[in-house]
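**Student:** First the structure, which I've put down as structure tokens, then a few questions once you've had a look.
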Amino acid sequence: MIKVLAFAMYGPLAASTRYRLDQYIPGLAASGIELSVCHLLSDEYLRQRFQGGRFPLCSVLRGAIARLSDLSRLRDYDLAVVYCELLPLMPALFEQAFLRKPYIYDFDDAFYLKYRTGRLRAFHPLMGNKFDEVIRGAHAITAGSRVLRDYAICLNKKTSILPTVVDTSRYLPNPRARGGTTFTIGWIGSPSTAPYLSELVVPLSALGREGPVRFVVIGAKAPVVENVDVVEIPWREDREVEHLNQFDVGVMPLPNDDWARGKCAFKLIQYMACGVPVIASPVGANIDVVSPECGFLAGSAGQWLQSLRLLRDNRIVRLEMGHFGRIRVINHYSLAGNLGFLAETIRQVAHQ
């Protein structure tokens with residue numbers, strides 16, 4: 001049995017932990033690989049941050065102590081998986097000193113920008129190249145998208161794409177849950193990505209002037225959209241698939257910037273697995289995931305409105321696109337289809 005200790009940034013409330021790590025545990029066990037996942041920041045931390053509360057310093061300190069304890073256990077494992085980074089604000093030199101085993105570096109966002117732009121750019125002189133050094137030192141890289149792969153492979157040739165995938169035996173279409181008199185457009189995400197919804201305000205408002213439209217936002221605060229019935233739904237894992245199946249179309253707007261280009265189009269994969277047609281900005285992995293058979297790419301308010309109208313007015317097109325989207329996910333973005341690749345990557349690193 002190969003024993004692997006994975007260092008996640010967040011607890012299982014975070015989609016990155018559930019889908020990049022936790023969901024692989026049973027399948028890897030059946031392949032002779034024991035994957036254990038430990039977390040730096042707890043679900044309590046995430047809840048406080050999502051609710052806009054005060055910075056949970058105590059949770060962070062407890063997490064740091066727990067991370068050091070977990071690192072001491074690494075001697076009992078054959079290798080490690082590092083998602084994002086071991087400890088924020090810790091230079092790469094110290095992280096690699098703690099990693100006394102071969103490791104796989106896994107990432108599904110443009111983390112290499114973390115200390116170069118935004119609120120942490122003041123740390124750029126010390127930390128700007130942290131992720132580059134962590135990538136160079138890895139025995140394998142699993143990148144969530146082509147954009148991330150292209151960045152990492154310049155630093156480490158042992159880089160491959162491992163998309164963020166879904167269990168298609170759980171994400172099942174239910175066409176009877178949709179197709180009512182009100183055209184329903186849906187989005188699922190977190191408070192950190194909700195600002196991207198501002199791109200939809202103008203086309204949604206215009207569509208709402210033409211007839212009844214419902215805009216469902218799961219997991220975050222929705223923008224105000226005139227002429228549209230806006231519905232906010234708290235995210236719940238046990239009802240996620242049920243809510244997705246109420247969408248007539250799933251959307252994923254993104255700005256065309258460096259951070260957004262590193263996104264892995266996971267929302268689209270969730271929609272498509274449920275047989276829901278999609279519309280997305282032509283940015284990053286969205287371009288790779290959305291084919292003409294399963295949805296549209298919209299780069300302007302006019303294109304968003306045109307695509308929404310077409311899907312609103314043609315139920316047959318919605319059904320066909322949903323059908324082909326489901327097939328595309330089964331073929332390229334399913335847990336069953338990607339499990340073997342991850343297992344083989346782990347075996348190769350363990351045998352080095």
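A note on labels: chains of the structure tokens are A, B, ... as shown, every chain counts residues from 1, and ligands are counted from 1 in their shown order.
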Among the residues of segment 16-93 of chain A, find those DSSP assigns to strand (DSSP E or B) from the backbone and print them as a list in words.

**Tutor:** Ile33, Glu34, Leu35, Ser36, Val37, Cys38, His39, Leu40, Leu41, Leu79, Ala80, Val81, Val82 and Tyr83 of chain A

**Student:** Selection from above, N, CA and C atoms, as a PDB file, in the first residue's frame, can you write it?

**Tutor:**
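Final file, selection_3.pdb:
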ATOM      1  N   ILE A  33      -3.663   2.622  -2.921  1.00  0.00           N
ATOM      2  CA  ILE A  33      -3.069   3.896  -2.495  1.00  0.00           C
ATOM      3  C   ILE A  33      -3.921   4.484  -1.373  1.00  0.00           C
ATOM      4  N   GLU A  34      -3.309   4.704  -0.243  1.00  0.00           N
ATOM      5  CA  GLU A  34      -4.005   5.297   0.899  1.00  0.00           C
ATOM      6  C   GLU A  34      -3.728   6.804   0.921  1.00  0.00           C
ATOM      7  N   LEU A  35      -4.765   7.594   0.665  1.00  0.00           N
ATOM      8  CA  LEU A  35      -4.633   9.051   0.653  1.00  0.00           C
ATOM      9  C   LEU A  35      -5.272   9.619   1.912  1.00  0.00           C
ATOM     10  N   SER A  36      -4.471  10.324   2.700  1.00  0.00           N
ATOM     11  CA  SER A  36      -4.963  11.030   3.877  1.00  0.00           C
ATOM     12  C   SER A  36      -4.845  12.524   3.616  1.00  0.00           C
ATOM     13  N   VAL A  37      -5.874  13.287   4.001  1.00  0.00           N
ATOM     14  CA  VAL A  37      -5.906  14.725   3.719  1.00  0.00           C
ATOM     15  C   VAL A  37      -5.947  15.487   5.036  1.00  0.00           C
ATOM     16  N   CYS A  38      -5.028  16.421   5.211  1.00  0.00           N
ATOM     17  CA  CYS A  38      -5.048  17.312   6.368  1.00  0.00           C
ATOM     18  C   CYS A  38      -5.242  18.747   5.881  1.00  0.00           C
ATOM     19  N   HIS A  39      -5.773  19.592   6.754  1.00  0.00           N
ATOM     20  CA  HIS A  39      -6.185  20.932   6.350  1.00  0.00           C
ATOM     21  C   HIS A  39      -5.470  21.992   7.179  1.00  0.00           C
ATOM     22  N   LEU A  40      -5.115  23.074   6.530  1.00  0.00           N
ATOM     23  CA  LEU A  40      -4.523  24.201   7.237  1.00  0.00           C
ATOM     24  C   LEU A  40      -5.590  25.072   7.881  1.00  0.00           C
ATOM     25  N   LEU A  41      -6.567  25.511   7.096  1.00  0.00           N
ATOM     26  CA  LEU A  41      -7.621  26.409   7.569  1.00  0.00           C
ATOM     27  C   LEU A  41      -8.939  25.650   7.600  1.00  0.00           C
ATOM     28  N   LEU A  79       4.991   9.667   0.189  1.00  0.00           N
ATOM     29  CA  LEU A  79       5.104  10.941  -0.514  1.00  0.00           C
ATOM     30  C   LEU A  79       4.002  11.875  -0.051  1.00  0.00           C
ATOM     31  N   ALA A  80       4.088  13.128  -0.517  1.00  0.00           N
ATOM     32  CA  ALA A  80       3.113  14.152  -0.145  1.00  0.00           C
ATOM     33  C   ALA A  80       2.468  14.735  -1.389  1.00  0.00           C
ATOM     34  N   VAL A  81       1.280  15.289  -1.209  1.00  0.00           N
ATOM     35  CA  VAL A  81       0.638  16.143  -2.199  1.00  0.00           C
ATOM     36  C   VAL A  81       0.471  17.510  -1.555  1.00  0.00           C
ATOM     37  N   VAL A  82       0.952  18.540  -2.198  1.00  0.00           N
ATOM     38  CA  VAL A  82       0.818  19.908  -1.686  1.00  0.00           C
ATOM     39  C   VAL A  82      -0.148  20.661  -2.577  1.00  0.00           C
ATOM     40  N   TYR A  83      -1.250  21.112  -1.993  1.00  0.00           N
ATOM     41  CA  TYR A  83      -2.191  21.954  -2.732  1.00  0.00           C
ATOM     42  C   TYR A  83      -1.948  23.411  -2.334  1.00  0.00           C
TER      43      TYR A  83
END

**Student:** Near Cys294 of chain A, counting only C-alpha atoms, which residues have an atom at most 10 Å away, once you skip same-chain residues fewer than 5 positions from it, shown as a tab-separated table (two decimals) with C-alpha atoms, in the first residue's frame?

**Tutor:**
chain	number	residue	atom	x	y	z
A	272	MET	CA	-22.89	20.16	-18.01
A	275	GLY	CA	-27.34	18.15	-18.66
A	276	VAL	CA	-27.63	21.94	-18.50
A	277	PRO	CA	-26.49	24.02	-21.51
A	278	VAL	CA	-23.93	26.71	-20.71
A	279	ILE	CA	-22.86	30.23	-21.62
A	289	VAL	CA	-14.48	23.14	-21.77
A	317	VAL	CA	-31.62	23.28	-28.51
A	318	ARG	CA	-31.42	23.37	-24.72
A	319	LEU	CA	-32.05	19.63	-24.50
A	320	GLU	CA	-29.56	18.80	-27.23
A	321	MET	CA	-26.82	21.00	-25.77
A	322	GLY	CA	-27.46	19.57	-22.33
A	323	HIS	CA	-27.19	16.03	-23.72
A	324	PHE	CA	-23.87	16.70	-25.48
A	325	GLY	CA	-22.54	18.58	-22.45
A	326	ARG	CA	-23.19	15.55	-20.27
A	327	ILE	CA	-21.35	13.31	-22.75
A	328	ARG	CA	-18.42	15.74	-22.84

**Student:** Name the closest residue to Leu74 of chain A among the candidates A:Ala110, A:Leu244, A:Ala350, A:Leu99; distances are taken between atoms, counting only C-alpha atoms.

**Tutor:**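 Of A:Ala110, A:Leu244, A:Ala350, A:Leu99, the one nearest Leu74 of chain A is A:Leu99, counting only C-alpha atoms.
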
**Student:** I'd like the contact shell of Lys101 of chain A - 12 Å cut-off, only C-alpha atoms, skipping same-chain residues fewer than 4 positions apart - returned as a count of residues only.

**Tutor:** 25

**Student:** For the structure I just gave you, how does DSSP split segment 76-325 of chain A - specifically, which residues are alpha helix (DSSP H)? Reply as JSON, numbers by chain.

**Tutor:** {"A": [92, 93, 94, 95, 96, 97, 98, 124, 125, 126, 127, 130, 131, 132, 133, 134, 135, 136, 137, 146, 147, 148, 149, 150, 151, 152, 153, 201, 202, 203, 204, 205, 206, 207, 208, 240, 241, 242, 243, 244, 258, 259, 260, 261, 266, 267, 268, 269, 270, 271, 272, 273, 285, 286, 287, 288, 289, 301, 302, 303, 304, 305, 306, 307, 308, 309, 310, 311, 312, 313, 315, 316, 317, 318, 319, 320, 321, 322, 323, 324, 325]}

**Student:** Nearest residue to Ala8 of chain A out of A:Leu86, A:Val230, A:Ile185, A:Val241, using only C-alpha atoms?

**Tutor:**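 Of all the options, A:Leu86 lies closest to Ala8 of chain A.
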
**Student:** With only C-alpha atoms as the atoms that count, which of A:Gly27, A:Gly144, A:Gly219, A:Gly179 lies nearest to Arg47 of chain A?

**Tutor:** A:Gly219

**Student:** Which polymer residues have any atom within 6 Å of an atom of segment 158-172 of chain A, counting only C-alpha atoms, with same-chain residues fewer than 2 positions away left out, as a list in words?

**Tutor:**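 Counting only the stated atoms, we get Ala140, Ile141, Thr142, Ala143, Gly144, Ser145, Ile153, Asn156, Ala273, Cys274, Tyr333, Ser334 and Leu335 of chain A.
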
**Student:** Write out as a PyMOL selection string the residues lying within 7 Å of Pro91 of chain A, counting only C-alpha atoms and excluding same-chain residues fewer than 2 positions away.

**Tutor:** chain A and resi 89+93-95+127+130

**Student:** Using only C-alpha atoms, which residue out of A:Asp313, A:Glu199, A:Asp248, A:Asp229 lies closest to Gly299 of chain A?

**Tutor:**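 Looking at the shortest contact to Gly299 of chain A, the residue is A:Glu199.
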
**Student:** Using only C-alpha atoms, which of the listed residues (A:Tyr45, A:Tyr24, A:Trp259, A:Tyr19) sits closest to Phe111 of chain A?

**Tutor:** A:Trp259

**Student:** Let me make sure I understand: among A:Phe98, A:Pro88, A:Glu240, A:Glu344, which one has the smallest atom-to-atom distance to Leu68 of chain A if we use only C-alpha atoms?

**Tutor:**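 Smallest separation from Leu68 of chain A among the options: A:Phe98.
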
**Student:** Kindly give the distance, in Å, that separates atom CA of Ile269 of chain A and atom CA of Arg309 of chain A, rounded to a single decimal.

**Tutor:**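 Those two atoms sit 22.1 Å apart.
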
**Student:** Hey, what's within 8 Å of Val217 of chain A if we count only C-alpha atoms and toss same-chain stuff fewer than 3 positions away? As a compact mmCIF listing (two decimals) with C-alpha atoms, in the first residue's frame, please?

**Tutor:**
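Written file, around_39.txt:
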# COMPACT_ATOMS: atom_id res chain seq x y z
CA GLY A 186 -28.29 29.91 -12.80
CA TRP A 187 -24.85 30.41 -11.30
CA ILE A 188 -23.07 28.59 -8.48
CA GLY A 189 -19.98 29.86 -6.68
CA ALA A 220 -23.10 34.11 -2.75
CA LYS A 221 -24.70 37.55 -2.85
CA ALA A 222 -26.41 38.34 -6.16
CA VAL A 230 -33.27 37.35 -8.51
CA VAL A 231 -33.14 34.41 -6.10
CA GLU A 232 -30.29 33.72 -3.66
CA ILE A 233 -29.89 30.17 -2.35

**Student:** Rounded to one decimal, what separation in Å do you get between atom CA of Gly295 of chain A and atom CA of Asp108 of chain A?

**Tutor:**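 It comes out at 22.8 Å.
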